[in-house]
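Peer 1: To be precise about what I am sending: the file is called my_file.csv and holds CSV, C-alpha atoms.
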chain,number,residue,atom,x,y,z
A,94,MET,CA,0.0,0.0,0.0
A,95,GLY,CA,1.8,3.1,-1.2
A,96,LEU,CA,1.4,6.7,-0.1
A,97,ARG,CA,-0.1,9.3,-2.4
A,98,MET,CA,2.2,12.2,-3.4
A,99,SER,CA,0.3,14.6,-1.2
A,100,GLU,CA,0.9,12.4,1.8
A,101,SER,CA,4.5,11.5,1.1
A,102,LEU,CA,5.6,15.1,0.6
A,103,GLY,CA,3.3,16.8,3.1
A,104,ILE,CA,4.1,19.2,5.9
A,105,ASP,CA,6.0,16.6,7.9
A,106,SER,CA,7.9,15.3,5.0
A,107,PRO,CA,11.6,14.6,5.5
A,108,PHE,CA,12.2,16.3,2.1
A,109,ARG,CA,10.7,19.5,3.3
A,110,GLY,CA,13.2,22.3,3.0
A,111,TRP,CA,15.3,20.6,0.4
A,112,ALA,CA,15.9,22.4,-2.9
A,113,MET,CA,13.8,21.5,-5.9
A,114,PRO,CA,15.5,19.7,-8.7
A,115,LYS,CA,17.1,22.0,-11.4
A,116,SER,CA,15.4,22.6,-14.6
A,117,TYR,CA,16.4,20.7,-17.7
A,118,SER,CA,19.1,22.3,-19.7
A,119,ALA,CA,18.3,24.6,-22.7
A,120,ASP,CA,20.3,22.3,-24.9
A,121,LEU,CA,18.2,19.2,-24.0
A,122,ARG,CA,15.0,21.2,-24.6
A,123,ALA,CA,16.3,22.4,-28.0
A,124,ARG,CA,17.2,18.8,-29.0
A,125,VAL,CA,13.7,17.6,-28.1
A,126,ILE,CA,12.1,20.4,-30.0
A,127,GLU,CA,14.3,19.8,-33.0
A,128,ALA,CA,13.5,16.1,-33.0
A,129,VAL,CA,9.8,16.9,-33.1
A,130,GLU,CA,10.3,19.5,-35.8
A,131,MET,CA,12.2,16.9,-37.8
A,132,GLY,CA,9.2,14.6,-37.7
A,133,ALA,CA,9.3,12.6,-34.5
A,134,SER,CA,6.3,12.5,-32.3
A,135,ARG,CA,6.4,14.0,-28.9
A,136,HIS,CA,6.3,10.5,-27.4
A,137,GLU,CA,9.2,9.4,-29.5
A,138,ALA,CA,11.3,12.4,-28.7
A,139,ALA,CA,10.6,12.0,-25.0
A,140,ASP,CA,11.6,8.4,-25.1
A,141,ARG,CA,14.7,9.1,-27.1
A,142,PHE,CA,16.0,11.8,-24.8
A,143,GLU,CA,14.7,10.1,-21.6
A,144,VAL,CA,12.3,12.9,-20.4
A,145,SER,CA,8.7,12.7,-19.6
A,146,VAL,CA,6.1,13.0,-22.4
A,147,SER,CA,4.5,15.9,-20.4
A,148,SER,CA,7.8,17.8,-20.4
A,149,ALA,CA,8.2,17.4,-24.2
A,150,VAL,CA,4.6,18.5,-24.8
A,151,LYS,CA,5.0,21.6,-22.6
A,152,TRP,CA,8.3,22.5,-24.2
A,153,LEU,CA,6.7,22.3,-27.7
A,154,GLN,CA,3.7,24.3,-26.6
A,155,ARG,CA,5.9,27.0,-25.2
A,156,TRP,CA,8.1,26.9,-28.3
A,157,HIS,CA,5.1,27.5,-30.6
A,158,GLU,CA,3.7,30.2,-28.4
A,159,SER,CA,6.8,32.3,-27.7
A,160,ARG,CA,9.6,30.8,-29.7
A,161,SER,CA,11.4,30.1,-26.4
A,162,ALA,CA,12.3,26.9,-24.8
A,163,ALA,CA,13.9,28.5,-21.7
A,164,PRO,CA,12.6,27.4,-18.4
A,165,LYS,CA,10.1,29.7,-16.7
A,166,PRO,CA,11.4,31.7,-13.7
A,167,ARG,CA,11.1,29.9,-10.4
A,168,GLY,CA,10.4,31.2,-6.9
A,169,GLY,CA,10.9,34.8,-6.1
A,170,SER,CA,7.5,35.7,-4.7
A,171,VAL,CA,7.4,39.1,-3.0
A,172,SER,CA,5.6,39.7,0.2
A,173,PRO,CA,2.9,42.4,0.0
A,174,LEU,CA,4.4,43.9,3.2
A,175,GLU,CA,7.5,44.9,1.1
A,176,LYS,CA,5.4,47.5,-0.6
A,177,CYS,CA,4.9,49.4,2.7
A,178,THR,CA,8.2,48.7,4.3
A,179,ALA,CA,8.7,52.3,5.4
A,180,ARG,CA,5.3,52.3,7.1
A,181,VAL,CA,5.9,49.0,8.9
A,182,LEU,CA,9.3,50.1,10.1
A,183,ALA,CA,7.8,53.4,11.3
A,184,VAL,CA,5.3,51.5,13.5
A,185,ILE,CA,8.1,49.4,14.9
A,186,ALA,CA,10.2,52.6,15.6
A,187,GLU,CA,7.2,54.3,17.3
A,188,HIS,CA,6.3,51.2,19.4
A,189,PRO,CA,9.4,49.1,20.0
A,190,ASP,CA,7.9,47.3,23.0
A,191,LEU,CA,5.0,45.7,21.1
A,192,THR,CA,4.7,42.0,20.9
A,193,LEU,CA,4.3,40.3,17.5
A,194,MET,CA,0.5,40.1,17.8
A,195,GLU,CA,0.3,43.7,19.1
A,196,THR,CA,2.3,44.8,16.1
A,197,VAL,CA,-0.1,43.0,13.8
A,198,ALA,CA,-3.0,44.7,15.5
A,199,GLU,CA,-1.4,48.1,15.2
A,200,LEU,CA,-0.6,47.6,11.5
A,201,ARG,CA,-4.2,46.5,10.9
A,202,ARG,CA,-5.4,49.6,12.6
A,203,ARG,CA,-3.3,51.5,10.1
A,204,ARG,CA,-4.9,49.5,7.2
A,205,ILE,CA,-1.9,47.4,6.6
A,206,ARG,CA,-3.2,43.9,6.1
A,207,THR,CA,-0.9,41.3,7.5
A,208,SER,CA,-0.7,38.2,9.7
A,209,LYS,CA,1.5,36.9,12.4
A,210,SER,CA,3.4,34.6,10.1
A,211,ALA,CA,3.9,37.2,7.4
A,212,LEU,CA,5.1,39.8,9.8
A,213,SER,CA,7.5,37.2,11.4
A,214,ARG,CA,9.0,36.5,8.0
A,215,PHE,CA,9.2,40.2,7.3
A,216,PHE,CA,11.1,40.7,10.5
A,217,GLY,CA,13.5,37.8,9.5
A,218,ARG,CA,14.2,39.4,6.1
A,219,HIS,CA,14.9,42.7,7.7
A,220,ASP,CA,17.0,41.4,10.7
A,221,ILE,CA,14.5,42.7,13.2
A,222,THR,CA,14.3,40.9,16.5
A,223,LEU,CA,11.8,41.2,19.3
A,224,LYS,CA,13.5,41.3,22.6
A,225,LYS,CA,12.1,41.7,26.0
A,226,LYS,CA,13.2,44.7,28.0
A,227,PRO,CA,15.3,43.9,31.1
A,228,ALA,CA,13.5,44.2,34.4
A,229,SER,CA,13.8,47.5,36.3
A,230,ARG,CA,16.3,47.7,39.1
A,231,GLY,CA,13.6,48.0,41.8
A,232,ALA,CA,12.9,45.5,44.6
A,233,GLY,CA,13.4,41.8,43.8
A,234,ALA,CA,10.5,39.5,43.1
A,235,SER,CA,10.0,38.7,46.8
A,236,GLY,CA,9.8,42.4,47.7
A,237,ARG,CA,12.5,42.1,50.3
A,238,GLY,CA,15.2,43.9,48.3
A,239,PRO,CA,18.6,42.7,47.3
A,240,CYS,CA,20.0,42.3,50.8
A,241,ALA,CA,17.6,39.6,52.0
A,242,PRO,CA,19.5,36.9,53.9
A,243,THR,CA,19.5,33.4,52.6
A,244,LEU,CA,18.6,30.6,54.9
A,245,ASP,CA,21.2,28.1,56.0
A,246,PRO,CA,19.9,24.7,54.9
A,247,GLY,CA,21.4,23.2,58.0
A,248,ALA,CA,19.9,25.7,60.5
A,249,ARG,CA,16.9,24.7,62.6
A,250,HIS,CA,13.7,26.7,62.4
A,251,ALA,CA,12.5,28.1,65.7
For the file at hand, write its structure as structure tokens.
Peer 2:
Amino acid sequence: MGLRMSESLGIDSPFRGWAMPKSYSADLRARVIEAVEMGASRHEAADRFEVSVSSAVKWLQRWHESRSAAPKPRGGSVSPLEKCTARVLAVIAEHPDLTLMETVAELRRRRIRTSKSALSRFFGRHDITLKKKPASRGAGASGRGPCAPTLDPGARHA
């Protein structure tokens, strides 16, 4: 009983985070297209050059539409937050003590649509870290001040 592709490469996949395979070379694409142009079927060309039939079909479609066999650009999506980088950075400068969720709420109040995960990725791209402020130098947590004596573990209590 095999796994479906969606199950085998899901969120918990051991392959998650690995780079995608590289595109086929322009030379190989050109040879497949040339073979088809010389009279071979797409199936024959795919078999001959050991590529999938669907790849050969797509390459030929692209060749007939645009006269290009070059691979399409990959990746490179841009976050919508990048369009308003100055505004986001201004909010962070105005309110440096806000938590991530408080920053999201403040940005939404200013009509900048975002989410916790998108803002977190934005911070990562811009090397922004959220750090807690150190505690003030007042009394300690017990309220006794810094000079409270410690108990001797061997002493008897009266």
Peer 1: Show which residues sit within 9 Å of stretch 201-209 of chain A, as a PDB file with C-alpha atoms, in the frame of the given file. Count all atoms listed in the file, and ignore same-chain residues fewer than 4 positions away.
Peer 2:
ATOM      1  CA  PRO A 173       2.900  42.400   0.000  1.00  0.00           C
ATOM      2  CA  LEU A 174       4.400  43.900   3.200  1.00  0.00           C
ATOM      3  CA  CYS A 177       4.900  49.400   2.700  1.00  0.00           C
ATOM      4  CA  ARG A 180       5.300  52.300   7.100  1.00  0.00           C
ATOM      5  CA  VAL A 181       5.900  49.000   8.900  1.00  0.00           C
ATOM      6  CA  LEU A 193       4.300  40.300  17.500  1.00  0.00           C
ATOM      7  CA  MET A 194       0.500  40.100  17.800  1.00  0.00           C
ATOM      8  CA  THR A 196       2.300  44.800  16.100  1.00  0.00           C
ATOM      9  CA  VAL A 197      -0.100  43.000  13.800  1.00  0.00           C
ATOM     10  CA  SER A 213       7.500  37.200  11.400  1.00  0.00           C
ATOM     11  CA  ARG A 214       9.000  36.500   8.000  1.00  0.00           C
TER      12      ARG A 214
END
Peer 1: Pick out the closest residue to A:Leu182 from this set: A:Phe216, A:Ala149, A:Ser116, A:Ser210. Count all atoms listed in the file.
Peer 2: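 Distance minimum relative to A:Leu182 lands on A:Phe216.
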Peer 1: Record the distance separating atom CA of A:Asp220 and atom CA of A:Ser172, expressed in Å with one decimal.
Peer 2: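 Separation of atom CA of A:Asp220 and atom CA of A:Ser172: 15.6 Å.
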Peer 1: Can you find the residues with an atom no farther than 12 Å from (7.6, 49.0, 18.9), counting all atoms listed in the file, and report them as a PyMOL selection string?
Peer 2: chain A and resi 181-200+221-226
Peer 1: May I ask for the distance between atom CA of A:Glu175 and atom CA of A:Met113, given in Å to one decimal place?
Peer 2: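 Distance reported for this atom pair: 25.2 Å.
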Peer 1: Work out how far apart atom CA of A:Thr178 and atom CA of A:Lys165 are and give it in Å to one decimal.
Peer 2: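 It comes out at 28.4 Å.
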Peer 1: Check the smallest atom-to-atom distance from each of A:Ala123, A:Phe142, A:Phe215, A:Met131 to A:Arg160 using all atoms listed in the file, then report the winner.
Peer 2: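 The closest residue to A:Arg160 is A:Ala123.
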Peer 1: Let me make sure I understand: among A:Ala119, A:Glu158, A:Ala211, A:Ser147, which one has the smallest atom-to-atom distance to A:Arg135 if we use all atoms listed in the file?
Peer 2: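 Checking each of A:Ala119, A:Glu158, A:Ala211, A:Ser147 against A:Arg135, counting all atoms listed in the file, the winner is A:Ser147.
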Peer 1: With a distance cut-off of 9 Å and only C-alpha atoms, select the neighbouring residues of A:Ala163, excluding the residue or stretch itself and same-chain residues fewer than 6 positions from it, and output the selection as a ChimeraX atom specification.
Peer 2: /A:118-119,122,152,155-156
Peer 1: What would the file look like if the residues just selected were written as a JSON list (two decimals), in the coordinates of the input with C-alpha atoms?
Peer 2:
[["chain", "number", "residue", "atom", "x", "y", "z"],
["A", 118, "SER", "CA", 19.10, 22.30, -19.70],
["A", 119, "ALA", "CA", 18.30, 24.60, -22.70],
["A", 122, "ARG", "CA", 15.00, 21.20, -24.60],
["A", 152, "TRP", "CA", 8.30, 22.50, -24.20],
["A", 155, "ARG", "CA", 5.90, 27.00, -25.20],
["A", 156, "TRP", "CA", 8.10, 26.90, -28.30]]
Peer 1: Could you list, as a short mmCIF file (atom, residue, chain, number, x, y, z; two decimals) with C-alpha atoms, in the coordinates of the input, every residue within 10 Å of A:Val150, counting only C-alpha atoms and ignoring same-chain residues fewer than 6 positions away?
Peer 2:
data_model
loop_
_atom_site.label_atom_id
_atom_site.label_comp_id
_atom_site.auth_asym_id
_atom_site.auth_seq_id
_atom_site.Cartn_x
_atom_site.Cartn_y
_atom_site.Cartn_z
CA VAL A 125 13.70 17.60 -28.10
CA ILE A 126 12.10 20.40 -30.00
CA VAL A 129 9.80 16.90 -33.10
CA SER A 134 6.30 12.50 -32.30
CA ARG A 135 6.40 14.00 -28.90
CA HIS A 136 6.30 10.50 -27.40
CA ALA A 138 11.30 12.40 -28.70
CA ALA A 139 10.60 12.00 -25.00
CA TRP A 156 8.10 26.90 -28.30
#
